[in-house]
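So this block is work_0.cif, mmCIF, C-alpha atoms:
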data_target
#
loop_
_atom_site.label_atom_id
_atom_site.label_comp_id
_atom_site.auth_asym_id
_atom_site.auth_seq_id
_atom_site.Cartn_x
_atom_site.Cartn_y
_atom_site.Cartn_z
CA MET B 1 90.68 85.40 145.97
CA VAL B 2 89.46 88.60 147.57
CA THR B 3 90.04 89.41 151.20
CA PRO B 4 86.90 88.44 153.15
CA TYR B 5 84.84 91.54 153.81
CA TYR B 6 82.71 92.63 156.76
CA SER B 7 84.17 90.30 159.42
CA ARG B 8 87.58 92.00 159.21
CA PRO B 9 89.59 88.94 160.27
CA PRO B 10 93.00 89.38 161.92
CA GLN B 11 96.03 88.69 159.75
CA ASP B 12 96.66 85.16 161.08
CA ALA B 13 93.06 84.26 160.19
CA LEU B 14 93.50 85.78 156.72
CA ALA B 15 96.59 83.65 156.17
CA ALA B 16 94.78 80.52 157.36
CA HIS B 17 91.86 81.29 155.03
CA PHE B 18 94.07 81.87 151.98
CA LEU B 19 96.08 78.72 152.68
CA ALA B 20 92.94 76.60 153.17
CA VAL B 21 91.51 77.74 149.85
CA ALA B 22 94.83 77.17 148.06
CA ASP B 23 94.98 73.67 149.59
CA ALA B 24 91.47 72.93 148.28
CA THR B 25 92.27 73.54 144.61
CA ASP B 26 94.75 72.51 141.96
CA LEU B 27 94.41 75.92 140.30
CA PRO B 28 96.81 78.84 140.71
CA VAL B 29 95.56 81.47 143.15
CA MET B 30 95.73 85.25 142.80
CA LEU B 31 95.06 87.20 145.99
CA TYR B 32 93.14 90.47 145.66
CA ASP B 33 94.28 93.14 148.12
CA VAL B 34 91.53 95.76 148.03
CA PRO B 35 91.24 97.26 151.52
CA HIS B 36 88.90 100.10 150.53
CA ARG B 37 86.30 97.47 149.59
CA ALA B 38 87.15 94.63 151.97
CA GLY B 39 87.76 96.73 155.07
CA ILE B 40 91.31 95.50 155.79
CA PRO B 41 94.58 95.27 153.90
CA ILE B 42 96.67 92.15 153.56
CA ALA B 43 99.77 92.89 155.64
CA THR B 44 103.27 92.39 154.29
CA ASP B 45 103.99 89.62 156.81
CA THR B 46 100.81 87.82 155.72
CA PHE B 47 101.95 87.94 152.09
CA LEU B 48 105.35 86.59 153.10
CA THR B 49 103.66 83.68 154.89
CA VAL B 50 101.20 82.71 152.16
CA ALA B 51 103.71 83.23 149.32
CA GLN B 52 105.35 79.99 150.44
CA HIS B 53 102.32 78.05 149.17
CA PRO B 54 103.03 76.70 145.67
CA ARG B 55 99.58 77.62 144.30
CA ILE B 56 99.49 81.20 145.63
CA VAL B 57 101.26 82.81 142.69
CA ALA B 58 99.98 86.35 142.17
CA VAL B 59 98.47 89.47 143.68
CA LYS B 60 95.95 91.93 142.27
CA ASP B 61 97.07 95.00 144.17
CA ALA B 62 94.57 97.79 144.80
CA LYS B 63 96.11 98.84 148.11
CA GLY B 64 97.96 101.76 146.57
CA SER B 65 101.10 101.50 148.68
CA VAL B 66 104.12 101.26 146.40
CA VAL B 67 106.43 100.72 149.37
CA ALA B 68 104.39 97.83 150.80
CA SER B 69 104.15 96.25 147.35
CA ALA B 70 107.88 96.70 146.72
CA ASP B 71 108.64 94.97 150.01
CA VAL B 72 106.61 91.89 149.03
CA ILE B 73 107.87 91.86 145.43
CA ALA B 74 111.48 91.96 146.68
CA ALA B 75 110.95 89.15 149.18
CA THR B 76 108.78 86.72 147.18
CA ASP B 77 108.15 85.28 143.73
CA LEU B 78 104.56 86.59 143.68
CA ALA B 79 103.59 88.20 140.37
CA TYR B 80 102.12 91.64 141.14
CA TYR B 81 99.35 93.06 138.96
CA SER B 82 97.86 96.49 139.44
CA GLY B 83 94.23 96.40 140.51
CA ASP B 84 93.88 100.13 139.87
CA ASP B 85 94.72 101.25 136.34
CA ALA B 86 96.34 104.51 137.50
CA TYR B 87 98.65 102.49 139.75
CA THR B 88 100.06 100.32 136.94
CA LEU B 89 103.09 102.40 135.97
CA PRO B 90 104.16 103.14 139.56
CA LEU B 91 103.77 99.44 140.44
CA MET B 92 105.81 98.39 137.40
CA SER B 93 108.59 100.68 138.59
CA VAL B 94 109.09 98.39 141.60
CA GLY B 95 108.64 95.08 139.79
CA GLY B 96 104.93 94.79 139.02
CA VAL B 97 104.16 92.74 135.92
CA GLY B 98 100.78 93.90 134.63
CA VAL B 99 97.25 95.04 135.30
CA VAL B 100 93.85 93.52 135.96
CA GLY B 101 92.02 96.68 135.06
CA THR B 102 88.72 98.44 134.87
CA SER B 103 89.23 101.09 132.21
CA THR B 104 91.29 98.60 130.19
CA HIS B 105 88.03 97.60 128.52
CA PHE B 106 88.72 100.80 126.55
CA THR B 107 92.41 101.56 127.12
CA GLY B 108 93.85 98.08 126.57
CA ALA B 109 95.93 98.85 123.47
CA ARG B 110 97.28 102.09 124.93
CA MET B 111 97.92 100.45 128.31
CA LYS B 112 99.88 97.77 126.48
CA ALA B 113 101.86 100.45 124.64
CA MET B 114 102.61 102.21 127.94
CA MET B 115 103.82 98.98 129.50
CA GLU B 116 105.93 98.08 126.46
CA ARG B 117 107.54 101.52 126.49
CA PHE B 118 108.38 101.15 130.16
CA LEU B 119 109.82 97.66 129.66
CA ALA B 120 111.89 98.92 126.72
CA GLY B 121 113.40 101.61 128.95
CA ASP B 122 111.38 104.51 127.53
CA VAL B 123 110.27 105.83 130.90
CA VAL B 124 109.50 109.29 129.51
CA GLY B 125 107.25 107.81 126.78
CA ALA B 126 105.55 105.53 129.29
CA ALA B 127 104.94 108.45 131.64
CA ALA B 128 103.48 110.52 128.79
CA GLU B 129 101.10 107.70 127.83
CA ASN B 130 100.14 107.27 131.48
CA ALA B 131 99.44 111.02 131.79
CA ALA B 132 97.27 110.95 128.67
CA LEU B 133 95.23 108.06 130.09
CA LEU B 134 94.85 109.42 133.64
CA PRO B 135 91.52 111.15 132.92
CA ILE B 136 90.06 107.78 131.94
CA PHE B 137 91.79 105.86 134.74
CA ASN B 138 90.23 108.29 137.23
CA GLY B 139 87.01 109.00 135.33
CA VAL B 140 85.87 105.39 135.31
CA PHE B 141 85.51 105.74 139.09
CA ALA B 142 83.41 108.94 139.04
CA THR B 143 80.77 106.51 140.26
CA GLN B 144 81.13 102.76 140.72
CA GLY B 145 83.47 101.50 138.00
CA CYS B 146 81.33 98.64 136.71
CA MET B 147 78.47 101.06 136.12
CA LEU B 148 80.60 103.26 133.86
CA VAL B 149 82.29 100.36 132.09
CA LYS B 150 78.88 99.01 131.10
CA ALA B 151 77.68 102.49 130.09
CA GLY B 152 80.81 103.01 128.01
CA LEU B 153 80.51 99.62 126.34
CA ALA B 154 76.84 100.28 125.55
CA ALA B 155 77.77 103.67 124.03
CA ARG B 156 80.30 101.87 121.82
CA GLY B 157 77.64 99.48 120.48
CA PHE B 158 78.19 96.49 122.75
CA ALA B 159 75.48 94.77 124.79
CA PRO B 160 77.20 94.38 128.17
CA GLY B 161 74.14 93.16 130.06
CA GLY B 162 72.64 94.57 133.21
CA LEU B 163 74.02 95.17 136.66
CA ARG B 164 73.27 93.25 139.81
CA ARG B 165 71.62 95.09 142.68
CA PRO B 166 72.45 97.15 144.58
CA LEU B 167 74.14 98.75 141.54
CA LEU B 168 72.06 100.84 139.19
CA GLU B 169 72.67 101.98 135.64
CA ALA B 170 74.88 105.08 135.38
CA THR B 171 72.83 108.24 135.05
CA PRO B 172 72.74 109.76 131.57
CA GLU B 173 74.97 112.58 132.86
CA GLU B 174 77.53 110.16 134.36
CA ALA B 175 77.58 108.10 131.19
CA ALA B 176 77.95 111.18 128.97
CA ARG B 177 80.88 112.49 131.04
CA PHE B 178 82.69 109.16 130.82
CA VAL B 179 82.01 108.69 127.11
CA GLY B 180 83.28 112.24 126.61
CA LEU B 181 86.57 111.27 128.26
CA LEU B 182 86.84 108.24 125.98
CA THR B 183 86.12 110.34 122.90
CA ALA B 184 88.66 113.00 123.93
CA ALA B 185 91.30 110.26 124.24
CA TRP B 186 90.38 108.79 120.84
CA LEU B 187 89.08 105.61 122.45
#

Rendering of file as structure tokens:
Amino acid sequence: MVTPYYSRPPQDALAAHFLAVADATDLPVMLYDVPHRAGIPIATDTFLTVAQHPRIVAVKDAKGSVVASADVIAATDLAYYSGDDAYTLPLMSVGGVGVVGTSTHFTGARMKAMMERFLAGDVVGAAAENAALLPIFNGVFATQGCMLVKAGLAARGFAPGGLRRPLLEATPEEAARFVGLLTAAWL
């Protein structure tokens, strides 16, 4: 469940919204903290409040604040997933459990290897894999990520379908740059 955008509700209204949705379903709920798209972050105190709900079980974290995430991870049972591929290893270092990624359409096997190395205690190996993947983690956002994911998938022979407006297809130059990053990383 993404933070409501545009209206920029105060934190008590965010908590009420999240709790009302969680009450209306029998499904587990993952909150998506993405302030650069929604306009506001989910505050630590709000997470602490809503984490008491039995169906609010996870967070997709694209806030980019390791300290804020660590505070919530330490104080709750919420499972924290990186919502920004480049943030996965730093988030795992404070208790994060995975990634809901963008570039993982291409980097999935290597992301898994990085995570397994970290979990096995091979921090140096995990950091090296992370460093090797950083050009792709960052390159997928040279324009809007979905545009480049679809361009990359099309270049690899898949038929990913079109984009919804207001998004447009990546330009040939944008697509070529991203596909070049994939090729350089053997992906």

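The smallest atom-to-atom distance between B:Val97 and any of B:Ala126, B:Leu27, B:Ala20, B:Ala58, using all atoms listed in the file, is found for B:Ala58.
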
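What the PyMOL selection byres ((chain B and resi 131-143) around 7) grabs from this file is B:Asp85, B:Ala86, B:Ser103, B:Ala127, B:Ala128, B:Glu129, B:Asn130, B:Gln144, B:Gly145, B:Leu148, B:Val149, B:Phe178, B:Leu181, B:Leu182.
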
Size and centre in Å, one decimal, axis-aligned box, all listed stretch 109-113 of chain B atoms plus 4 Å per side, as JSON:
{"center_x": 98.9, "center_y": 99.9, "center_z": 125.9, "size_x": 13.9, "size_y": 12.3, "size_z": 12.8}

- Task: Apply the PyMOL selection byres ((chain B and resi 95) around 9) to the displayed file and report the matching residues as a list of chain:residue names.
- Result: B:Ser69, B:Ala70, B:Ile73, B:Ala74, B:Ala79, B:Tyr80, B:Leu91, B:Met92, B:Ser93, B:Val94, B:Gly96, B:Val97

- Message: Expand the PyMOL selection byres ((chain B and resi 28) around 10) into the explicit residue set it covers here, and present it as an MDAnalysis selection string.
- Response: chainID B and resid 22 25:27 29:30 54:58

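The two atoms in question, atom CA of B:Ala154 and atom CA of B:Thr88, are spaced 25.9 Å apart.
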
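In terms of minimum interatomic distance to B:Val124, B:Leu89 ranks closest within B:Glu173, B:Leu89, B:Val2, B:Ala24, counting only C-alpha atoms.
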
- Task: Rounded to one decimal place, report the atom CA of B:Ser82-atom CA of B:Leu167 distance in Å.
- Result: 23.9 Å

- Message: Can you tell me which residues surround B:Pro9 at a distance of at most 12 Å, considering all atoms listed in the file, apart from same-chain residues fewer than 5 positions away, and format the answer as an NGL selection string?
- Response: :B and (3-4 or 14-18 or 38-43)

- Task: Choose the residue, out of B:Gln11, B:Thr102, B:Thr49, B:Thr171, that has the smallest atom-to-atom separation from B:Ala75; count only C-alpha atoms.
- Result: B:Thr49
